[in-house]
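First comes the structure, then the notes that go with it.
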Amino acid sequence: MNAASGGFCSALELGRCLVSAGTYDRVLVVGTERTHDSGLVEAGDPTGPHRAAGAGAVLLEAGDEPGISTPAWGSGAAPAQVARTAVQRAGLRMQGVRAFVSHRHPDERIRQDAAIVLSLARDVIVAHDACLSGSPSAASIPAAIATLLAEFPALSGEPALLVGFGAELSLAAQVVRLPERTGASELRTL
């Protein structure tokens with residue numbers, strides 16, 4: 001799928017549907033991106049964190065309880081509304097979300113501001129993986145999930161809001177129950 005940074009959430013929904021329908025028992029969803037071709041990023045380049053290459057994946061399989069909600073979609077400059085709709089579709093309130101994972105904005109202050117705008121609980125864990133590794137577009141959400149679970153293993157099984165912004169044109173958000181930390185991310189679907 002090609003939806004830029006919104007691609008992982010879009011592909012996650014396709015995988016969820018394939019498993020839920022019984023078409024496949026397991027689906028591997030891989031987010032990968034190479035967002036810049038000009039070689040290495042120079043030290044001190046302020047655009048450097050926005051240009052990275054990477055890959056991340058999750059394995060989906062059927063579970064006894066739903067673990068991935070129906071996503072919300074959008075376009076343009078309405079990511080907060082798309083995120084709120086995704087949380088509502090998951091049957092939660094913003095205060096029920098335990099982690100916030102977005103591929104966008106490698107600056108920690110901007111990520112924290114986004115959590116405030118969304119009215120997330122004060123103790124929500126905001127993934128900051130992109131602050132360390134750059135923003136490899138569609139790969140950043142699964143990479144951030146792995147980093148988040150390594151740093152905060154108690155988040156296993158907790159609801160996390162995932163938000164992908166595809167070049168400001170393709171927005172996707174959904175709530176997932178974070179997988180057990182087993183070396184590879186594994187999300188259970190319906």
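In the structure tokens, chains take letters A, B, ... by order of appearance, with residues numbered from 1 within each chain and ligands from 1 in the order shown.
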Which residues come within 10 Å of Pro79 (chain A), counting only C-alpha atoms, excluding same-chain residues fewer than 5 positions away, as a PyMOL selection string? chain A and resi 72-74+84-85+114+118+163-165+168+170-173
Quick one: residues within 12 Å of Gly67 (chain A), only C-alpha atoms counted, chain neighbours fewer than 4 positions away excluded, as a compact mmCIF listing (two decimals) with all heavy atoms, in the first residue's frame?
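Full text of part.txt as output:
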# COMPACT_ATOMS: atom_id res chain seq x y z
N LEU A 12 -2.57 -2.13 8.44
CA LEU A 12 -3.00 -2.84 9.64
C LEU A 12 -4.50 -3.16 9.55
O LEU A 12 -4.93 -4.26 9.90
CB LEU A 12 -2.71 -1.99 10.88
CG LEU A 12 -2.92 -2.64 12.24
CD1 LEU A 12 -2.03 -3.86 12.41
CD2 LEU A 12 -2.64 -1.63 13.34
N GLU A 13 -5.27 -2.22 9.03
CA GLU A 13 -6.71 -2.47 8.87
C GLU A 13 -6.97 -3.56 7.83
O GLU A 13 -7.82 -4.43 8.04
CB GLU A 13 -7.44 -1.18 8.48
CG GLU A 13 -8.91 -1.38 8.15
CD GLU A 13 -9.77 -1.98 9.26
OE1 GLU A 13 -9.27 -2.19 10.39
OE2 GLU A 13 -10.94 -2.28 8.99
N ARG A 16 -6.20 -6.76 9.54
CA ARG A 16 -7.27 -7.08 10.51
C ARG A 16 -8.47 -7.68 9.81
O ARG A 16 -9.03 -8.69 10.24
CB ARG A 16 -7.68 -5.82 11.28
CG ARG A 16 -8.74 -6.09 12.35
CD ARG A 16 -9.28 -4.79 12.94
NE ARG A 16 -10.20 -4.12 12.03
CZ ARG A 16 -11.49 -4.43 11.88
NH1 ARG A 16 -12.03 -5.42 12.58
NH2 ARG A 16 -12.26 -3.77 11.04
N VAL A 19 -7.81 -11.35 8.62
CA VAL A 19 -7.85 -12.33 9.72
C VAL A 19 -9.28 -12.47 10.24
O VAL A 19 -9.78 -13.58 10.45
CB VAL A 19 -6.88 -11.94 10.85
CG1 VAL A 19 -7.05 -12.85 12.05
CG2 VAL A 19 -5.43 -12.01 10.35
N SER A 20 -9.97 -11.35 10.43
CA SER A 20 -11.35 -11.38 10.96
C SER A 20 -12.29 -12.16 10.05
O SER A 20 -13.18 -12.85 10.51
CB SER A 20 -11.88 -9.96 11.13
OG SER A 20 -11.14 -9.28 12.10
N LEU A 60 -0.26 -10.37 12.90
CA LEU A 60 -1.65 -10.41 13.34
C LEU A 60 -2.14 -11.84 13.32
O LEU A 60 -1.85 -12.59 12.39
CB LEU A 60 -2.52 -9.58 12.40
CG LEU A 60 -2.15 -8.14 12.15
CD1 LEU A 60 -3.14 -7.50 11.20
CD2 LEU A 60 -2.07 -7.38 13.44
N GLU A 61 -2.91 -12.20 14.34
CA GLU A 61 -3.57 -13.50 14.34
C GLU A 61 -4.85 -13.39 15.14
O GLU A 61 -5.03 -12.47 15.93
CB GLU A 61 -2.66 -14.60 14.87
CG GLU A 61 -2.27 -14.47 16.30
CD GLU A 61 -1.39 -15.62 16.77
OE1 GLU A 61 -0.75 -16.30 15.93
OE2 GLU A 61 -1.34 -15.85 17.97
N ALA A 62 -5.75 -14.33 14.91
CA ALA A 62 -7.03 -14.32 15.59
C ALA A 62 -6.84 -14.50 17.09
O ALA A 62 -5.94 -15.21 17.53
CB ALA A 62 -7.94 -15.41 15.03
N GLY A 63 -7.66 -13.82 17.86
CA GLY A 63 -7.62 -13.93 19.31
C GLY A 63 -9.03 -14.08 19.86
O GLY A 63 -10.02 -13.96 19.13
N ALA A 90 -13.39 2.61 19.25
CA ALA A 90 -12.86 1.55 20.10
C ALA A 90 -13.67 1.40 21.40
O ALA A 90 -13.38 0.52 22.20
CB ALA A 90 -11.40 1.83 20.44
N SER A 156 1.98 -3.80 28.06
CA SER A 156 1.45 -4.96 27.33
C SER A 156 -0.02 -5.13 27.67
O SER A 156 -0.40 -5.13 28.83
CB SER A 156 2.22 -6.22 27.70
OG SER A 156 3.52 -6.17 27.19
N GLY A 157 -0.83 -5.27 26.63
CA GLY A 157 -2.26 -5.46 26.82
C GLY A 157 -3.05 -4.17 27.00
O GLY A 157 -4.28 -4.21 27.05
N GLU A 158 -2.38 -3.05 27.09
CA GLU A 158 -3.05 -1.77 27.31
C GLU A 158 -3.42 -1.12 25.97
O GLU A 158 -2.76 -1.35 24.96
CB GLU A 158 -2.15 -0.82 28.11
CG GLU A 158 -1.85 -1.28 29.52
CD GLU A 158 -3.09 -1.26 30.41
OE1 GLU A 158 -4.00 -0.45 30.17
OE2 GLU A 158 -3.13 -2.07 31.35
N PRO A 159 -4.46 -0.28 25.97
CA PRO A 159 -4.85 0.38 24.72
C PRO A 159 -3.89 1.51 24.33
O PRO A 159 -3.52 2.33 25.17
CB PRO A 159 -6.25 0.93 25.01
CG PRO A 159 -6.34 1.00 26.49
CD PRO A 159 -5.40 -0.02 27.05
N ALA A 160 -3.51 1.52 23.06
CA ALA A 160 -2.65 2.56 22.52
C ALA A 160 -3.32 3.17 21.29
O ALA A 160 -3.89 2.45 20.48
CB ALA A 160 -1.28 2.00 22.14
N LEU A 161 -3.23 4.47 21.18
CA LEU A 161 -3.74 5.18 20.02
C LEU A 161 -2.62 5.32 19.00
O LEU A 161 -1.57 5.89 19.31
CB LEU A 161 -4.26 6.56 20.43
CG LEU A 161 -4.68 7.52 19.31
CD1 LEU A 161 -5.81 6.93 18.48
CD2 LEU A 161 -5.07 8.87 19.90
N GLN A 174 -6.15 4.41 14.81
CA GLN A 174 -6.87 3.29 15.40
C GLN A 174 -6.29 2.98 16.78
O GLN A 174 -5.19 3.40 17.11
CB GLN A 174 -6.84 2.08 14.50
CG GLN A 174 -5.48 1.53 14.21
CD GLN A 174 -5.45 0.77 12.90
OE1 GLN A 174 -4.60 1.03 12.11
NE2 GLN A 174 -6.35 -0.14 12.67
N VAL A 175 -7.08 2.28 17.54
CA VAL A 175 -6.66 1.87 18.88
C VAL A 175 -6.35 0.38 18.83
O VAL A 175 -7.12 -0.40 18.26
CB VAL A 175 -7.75 2.18 19.93
CG1 VAL A 175 -7.35 1.65 21.30
CG2 VAL A 175 -8.03 3.68 19.99
N VAL A 176 -5.22 0.01 19.42
CA VAL A 176 -4.83 -1.39 19.52
C VAL A 176 -4.51 -1.72 20.97
O VAL A 176 -4.15 -0.84 21.75
CB VAL A 176 -3.60 -1.73 18.64
CG1 VAL A 176 -3.86 -1.40 17.18
CG2 VAL A 176 -2.35 -1.04 19.14
N ARG A 177 -4.67 -2.97 21.32
CA ARG A 177 -4.15 -3.44 22.60
C ARG A 177 -2.71 -3.84 22.33
O ARG A 177 -2.44 -4.67 21.45
CB ARG A 177 -4.94 -4.64 23.11
CG ARG A 177 -6.35 -4.29 23.44
CD ARG A 177 -6.66 -4.53 24.90
NE ARG A 177 -7.96 -3.97 25.20
CZ ARG A 177 -8.17 -3.06 26.13
NH1 ARG A 177 -7.16 -2.61 26.85
NH2 ARG A 177 -9.36 -2.59 26.35
N LEU A 178 -1.78 -3.24 23.05
CA LEU A 178 -0.37 -3.51 22.80
C LEU A 178 -0.05 -4.97 23.08
O LEU A 178 -0.56 -5.56 24.03
CB LEU A 178 0.51 -2.59 23.65
CG LEU A 178 0.45 -1.12 23.23
CD1 LEU A 178 1.16 -0.24 24.25
CD2 LEU A 178 1.08 -0.93 21.85
N PRO A 179 0.78 -5.58 22.25
CA PRO A 179 1.10 -7.01 22.39
C PRO A 179 2.04 -7.27 23.55
O PRO A 179 2.64 -6.35 24.11
CB PRO A 179 1.78 -7.33 21.06
CG PRO A 179 2.41 -6.05 20.64
CD PRO A 179 1.47 -4.97 21.12
N GLU A 180 2.16 -8.55 23.87
CA GLU A 180 3.18 -8.98 24.83
C GLU A 180 4.54 -8.74 24.21
O GLU A 180 4.71 -8.93 23.01
CB GLU A 180 3.02 -10.47 25.17
CG GLU A 180 1.72 -10.81 25.84
CD GLU A 180 1.62 -10.25 27.24
OE1 GLU A 180 2.64 -10.21 27.95
OE2 GLU A 180 0.51 -9.83 27.62
N GLU A 186 3.33 -8.65 18.20
CA GLU A 186 2.24 -9.50 17.73
C GLU A 186 0.94 -8.90 18.25
O GLU A 186 0.73 -8.77 19.45
CB GLU A 186 2.42 -10.92 18.26
CG GLU A 186 1.38 -11.88 17.78
CD GLU A 186 1.68 -13.28 18.26
OE1 GLU A 186 2.83 -13.72 18.16
OE2 GLU A 186 0.74 -13.92 18.74
N LEU A 187 0.08 -8.48 17.36
CA LEU A 187 -1.20 -7.91 17.73
C LEU A 187 -2.30 -8.93 17.42
O LEU A 187 -2.30 -9.55 16.38
CB LEU A 187 -1.48 -6.62 16.95
CG LEU A 187 -0.49 -5.49 17.16
CD1 LEU A 187 -0.85 -4.33 16.24
CD2 LEU A 187 -0.47 -5.04 18.60
N ARG A 188 -3.21 -9.09 18.35
CA ARG A 188 -4.32 -10.03 18.12
C ARG A 188 -5.52 -9.24 17.60
O ARG A 188 -5.83 -8.17 18.07
CB ARG A 188 -4.69 -10.74 19.42
CG ARG A 188 -3.51 -11.52 19.96
CD ARG A 188 -3.95 -12.77 20.64
NE ARG A 188 -2.84 -13.43 21.27
CZ ARG A 188 -2.10 -14.33 20.68
NH1 ARG A 188 -2.33 -14.68 19.45
NH2 ARG A 188 -1.10 -14.90 21.31
N THR A 189 -6.17 -9.83 16.63
CA THR A 189 -7.34 -9.19 16.06
C THR A 189 -8.59 -9.97 16.47
O THR A 189 -8.52 -10.82 17.35
CB THR A 189 -7.20 -9.08 14.53
OG1 THR A 189 -8.31 -8.35 14.02
CG2 THR A 189 -7.11 -10.42 13.84
N LEU A 190 -9.71 -9.69 15.85
CA LEU A 190 -10.98 -10.34 16.22
C LEU A 190 -10.92 -11.84 16.03
O LEU A 190 -10.32 -12.33 15.12
CB LEU A 190 -12.12 -9.78 15.36
CG LEU A 190 -12.41 -8.30 15.56
CD1 LEU A 190 -13.43 -7.84 14.54
CD2 LEU A 190 -12.90 -8.02 16.95
Computed interatomic separation between CA of Val82 (chain A) and CA of Val126 (chain A) (Å): 17.8 Å
